[in-house]
Amino acid sequence: MASESAVRKSLFAVGIELDGEGYHPRAWRRAGHEPTLLLSPRRLRAQVAAAENAGFTFATFDDSIAPAGEIAGRIDAIGRASFVAATTSTIGLVPVVATTYGEPFHISTQLATLDYASRGRAGWLAADDPDTARTWGAAPRVTEDDIRHERGDAIEVARRLWDSWEDDAVVRDYAAGKFLNRDRLHHIDFIGETFSVKGPSIVPRPPQGQVVVFGYGTEQSGIDVALVSGAQPSDAVAAVQRARESGAARVLVDLTVALDTPTETAAERLADLGSDVTTNRPVPLHFSGSAADLVVLLTELSAHADGVRLHPVVLDEDLPVLARYVLPALLRAGIAHRPVPGSTLRANLGLSRPANRYAKELTR
Amino acid sequence: MTEVPFPDARVHFGVFFQGVNHSTVWSDPSSGSQIDFETFRRVATTAERGLFDAFFLGEGLRLREQDGQLLDTDIAGRPDAIAQLVALAGLTDRIGLVATQNTTYNEPADLARRLSGLDLLSEGRAGWNVVTTDNAWTGENFRRGGFLDHAHRYERATEFLTTAREIWDSWSDRAIAPSRRSSSWLTPGAVRTIERDTDHFQVAITPTLPRSPQGHPVIFQAGVSSQGRDFAAAHAEVIFSPFGTNFEPAREFADDIRTRLVAAGRPADDIRILPGTQIVLAERESEVEEKKRWVLEQQITGATALSLVGQVWGRDLSHLDPDGPLPAEDPEQSVISGTRGAQRDGQDRVAIAGQWRELAESRGLSLRQVAIETTARFGFAGTPGQVADELTRWVRHGASDGFNITPYLVPTGLDDIVDWLIPELQERGSYPTEYTGTTLREHLRLRPPLTRR
Ligand SMILES: Cc1cc2nc3c(=O)[nH]c(=O)nc-3n(C[C@H](O)[C@H](O)[C@H](O)COP(=O)(O)O)c2cc1C
């Protein structure tokens, strides 16, 4: 009998966060290029290609509509993910999109579009961005409750809109001159506290049926993949357990990585960067050391979690080491699996294509 | 015709990809998916092979309905314009990428930022077709709900555009540190925060992006009311007009725009006018009429004709014979409001029905023939040589600066135009033989952005 953990182990996902120059606020000082190149299409394409070639399951792109941290320049995450959608073939593309003040209708159709352009490799890391009320010209959401509520409603609307077209809504009945089947299209009639959305979507159901929804923490509902962490590996493992208990289908561990490079140790690199590894969304679990030690840690985590998301402290320095030593070791050991062209992000995370909530039982 | 007012004018082409209405012949076996990315890739790369200035996507934020029912006579469903164009930017090098985006159901910080992203990732090839969708019915999909009345929507559009331009100009050109050894990533004081406190916007925005190689996205406009024209004369760089079939109305419109430009303090040639149009090419002159008729009949099928006439009569006519007569009785209510997202909203039903019946009687037309006569905005038909002559005449006599072509087949509809028509235009010296610039602004021969002249 294939045990649960054996199934899980065979689908251990390895993701990478590709925002900016890396997790460390001063990563730009050690980048392999001058600062002005950060926002260029060439650099974005090269970096995602490097992650795809290394065999990563997915890449995330952090974002906020307002500048955060020392690097004040940032192209919107859906834009970055869309730009590489048609020129990559295996890596999942997971933009961070905040739910706090954005239009759920636009978010839903943008992500569905990404899913079409990437042929089923779109994800969404649904985040909060409560401090940007003035940027949006919106009434501020202040309490934890309001923010969580807004996030939940936005995810619910996006999901209903993705289902608002059944897979066979386009019919092309030339003889009758009918091209849509009205019975397969649905108003979603969502009525929430801060907004209402009628539907249906203007984009047909995305290739994955539902774009894969990622969320932070152990207690989020409505998501497919929970990202958790902890100050020590044992704390992260405990968080994985809590997230599973609250119903997350897949749970991944977030950690930052600083690796020994051929010319410097991780400790030397961190000393040069300065110690404060803080950003808006701190990841409490930090790894620093050799590629071999990271492989040991990830192997340990693979017994408990469905995957990890790595935050390299300096992308241009750590990504080559990950590509050269860490991913190959995980692939050789059969822990990680290189996604094959044509597979969806959902499939690579071990998630099935969901049934459509509006589809009636067909009378056959 | 003796004097040629613009003897050196060239034809500019854009392609308007329509995925959602009867301008596309869905009944042809070669018609492809309206939504698969491959369809868009095929059209955009063919247009780039044909040295088009721009690939253009429309916007409709609610599926069309008729009397509470979704319209089912056409295929529908299309991508988000900006996300799709950014994906196409990754596969193309030169062609401009223009997104239709409305100012009513967007916020400036977000939309300006996403357009900047398109502009930077395409290295200066972005355009924004500013539209002012205002109806409450579309608003039901958005936070604000409701709608804006006709006057307020242009007010909001103007403030929106002003704010967007300030966002695009907010980074000084040397804002990003030139070197990894500089003291900070962003030069202190190099980014201006935009604060507005008006009826439409109460915002404080600290933008996250520098200017692109073309300064900022090229502004397109597509409204034809007097207010829409003034908005264009004040703010737009390209007009996407509906006058793409008959020369005289097109030239009158262009003359009117040139007058308004001068009144607004801009040079008369400060705007490019690209009427939306359709082009049907036949190899031989003897085949032209037949092909044109084929296209029209495929576009306005019996079912589409019944739906179009049903929109005027305000009820479901799908049981009628499209090749029979128009309904004998008048429509019941007089103002059209049941059809949403279609063009006749707000018009007088009884008056239109009367005109249509007169037309049918005087020319002995069937219901479907009336629908074809009254709703098809045709465009151009002929051999490649004939059409090349006609398009050249238009631009050289000031009726337009080029055309925004809607192919009637997807995704193969541009093939004939690129392979047959463009060589004829090139022979006449009215079409370029290569891209000379890299940005959309350069393709259109526009001046640098108005804000930093
Ligand atoms: C050729 C043309 C194309 C248009 N395309 C769109 C479109 O794709 N989406 C949209 O919402 N409005 C579109 N519009 C509508 C206009 O932006 C505008 O809202 C409408 O013409 C009414 O404005 P007006 O009263 O100033 O003419 C288009 C208009 C024209 C003339």
# chains A, B, ... in the order shown; residues from 1 in each chain; ligands from 1
$ residues_near_ligand --ligand "ligand 1" --cutoff "9 Å" --atoms "only C-alpha atoms and all ligand atoms" --output "PyMOL selection string"
chain B and resi 18+57-61+99-102+129-134+150+154+221-229+231+239-243+275-277+341+404
$ select_by_dssp --residues "segment 242-405 of chain B" --states "strand (DSSP E)" --output "list of chain:residue names"
B:Arg272, B:Ile273, B:Gly276, B:Thr277, B:Ile279, B:Val280, B:Leu281, B:Thr339, B:Arg340, B:Phe380, B:Ala381, B:Gly382, B:Gly402, B:Phe403, B:Asn404, B:Ile405
$ residues_around --residues "Trp162 of chain A" --least-positions-apart "3" --cutoff "9 Å" --atoms "only C-alpha atoms" --output "list in words"
Ser108, Thr109, Ala112, Val157, Ala158, Arg159, Trp165, Glu166, Pro200, Ser201, Val203, Pro204, Arg205, Pro206, Gly209, Gln210, Val211 and Asn356 of chain A
$ write_last_selection --atoms "N, CA and C atoms" --output "compact mmCIF listing (two decimals), in the first residue's frame"
# COMPACT_ATOMS: atom_id res chain seq x y z
N SER A 108 -9.19 38.26 -10.88
CA SER A 108 -9.60 36.96 -11.39
C SER A 108 -9.32 36.82 -12.88
N THR A 109 -9.65 37.85 -13.66
CA THR A 109 -9.47 37.72 -15.12
C THR A 109 -7.99 37.81 -15.50
N ALA A 112 -6.63 34.35 -14.77
CA ALA A 112 -7.12 33.38 -15.77
C ALA A 112 -6.34 33.57 -17.08
N VAL A 157 -14.68 35.26 -4.70
CA VAL A 157 -15.16 35.83 -5.96
C VAL A 157 -14.32 35.31 -7.13
N ALA A 158 -13.00 35.32 -6.95
CA ALA A 158 -12.13 34.85 -8.04
C ALA A 158 -12.49 33.40 -8.38
N ARG A 159 -12.67 32.59 -7.37
CA ARG A 159 -12.97 31.17 -7.62
C ARG A 159 -14.32 30.99 -8.31
N TRP A 165 -17.84 29.93 -16.17
CA TRP A 165 -17.97 29.28 -17.48
C TRP A 165 -17.71 27.80 -17.24
N GLU A 166 -18.64 26.97 -17.61
CA GLU A 166 -18.32 25.54 -17.58
C GLU A 166 -17.42 25.23 -18.77
N PRO A 200 -21.20 36.68 -15.21
CA PRO A 200 -20.08 35.76 -15.21
C PRO A 200 -18.76 36.46 -15.58
N SER A 201 -17.69 35.68 -15.54
CA SER A 201 -16.40 36.22 -15.96
C SER A 201 -16.45 36.56 -17.44
N VAL A 203 -13.65 35.90 -19.08
CA VAL A 203 -12.66 34.94 -19.58
C VAL A 203 -13.22 33.55 -19.35
N PRO A 204 -13.19 32.68 -20.35
CA PRO A 204 -13.64 31.30 -20.11
C PRO A 204 -12.82 30.61 -19.02
N ARG A 205 -13.36 29.51 -18.52
CA ARG A 205 -12.70 28.80 -17.41
C ARG A 205 -11.23 28.53 -17.76
N PRO A 206 -10.31 28.86 -16.84
CA PRO A 206 -8.89 28.69 -17.16
C PRO A 206 -8.52 27.22 -17.34
N GLY A 209 -8.82 24.83 -14.64
CA GLY A 209 -10.11 24.84 -13.96
C GLY A 209 -10.12 25.92 -12.90
N GLN A 210 -9.27 25.78 -11.94
CA GLN A 210 -9.04 26.81 -10.93
C GLN A 210 -7.53 27.08 -10.88
N VAL A 211 -7.16 28.35 -10.96
CA VAL A 211 -5.77 28.75 -10.74
C VAL A 211 -5.40 28.29 -9.32
N ASN A 356 -16.31 21.66 -11.48
CA ASN A 356 -16.89 22.99 -11.52
C ASN A 356 -18.08 23.05 -10.57
$ residues_around --residues "Asp128 of chain A" --least-positions-apart "3" --cutoff "8 Å" --atoms "only C-alpha atoms" --output "count of residues only"
5
$ residues_around --residues "Gly96 of chain B" --least-positions-apart "3" --cutoff "8 Å" --atoms "only C-alpha atoms" --output "VMD selection string"
chain B and resid 53 to 55 125 to 127 439 to 440
$ residues_around --residues "Glu358 of chain B" --least-positions-apart "5" --cutoff "12 Å" --atoms "only C-alpha atoms" --output "list in words"
Pro325, Leu326, Ala328, Ala351, Ile352, Ala353, Arg363, Gly364, Leu365, Ser366 and Val370 of chain B
$ write_last_selection --atoms "C-alpha atoms" --output "mmCIF file, in the first residue's frame"
data_model
loop_
_atom_site.group_PDB
_atom_site.id
_atom_site.type_symbol
_atom_site.label_atom_id
_atom_site.label_comp_id
_atom_site.auth_asym_id
_atom_site.auth_seq_id
_atom_site.Cartn_x
_atom_site.Cartn_y
_atom_site.Cartn_z
ATOM 1 C CA PRO B 325 -40.092 39.689 -43.873
ATOM 2 C CA LEU B 326 -39.516 41.919 -40.822
ATOM 3 C CA ALA B 328 -45.383 43.291 -39.125
ATOM 4 C CA ALA B 351 -38.259 55.047 -35.119
ATOM 5 C CA ILE B 352 -35.605 52.486 -36.111
ATOM 6 C CA ALA B 353 -38.241 49.856 -36.866
ATOM 7 C CA ARG B 363 -35.812 47.468 -51.941
ATOM 8 C CA GLY B 364 -37.685 44.239 -51.386
ATOM 9 C CA LEU B 365 -35.324 43.023 -48.652
ATOM 10 C CA SER B 366 -35.741 40.103 -46.273
ATOM 11 C CA VAL B 370 -32.096 44.415 -43.728
#
$ atom_distance --atom1 "atom CA of Phe179 of chain A" --atom2 "atom CA of Thr73 of chain B"
5.5 Å
$ atom_distance --atom1 "atom CA of Pro210 of chain B" --atom2 "atom CA of Leu118 of chain B"
12.3 Å
$ closest_residue --among "B:Ala204, B:Ala44, B:Ala136, B:Ile372" --to "Gly14 of chain B" --atoms "only C-alpha atoms"
B:Ala44
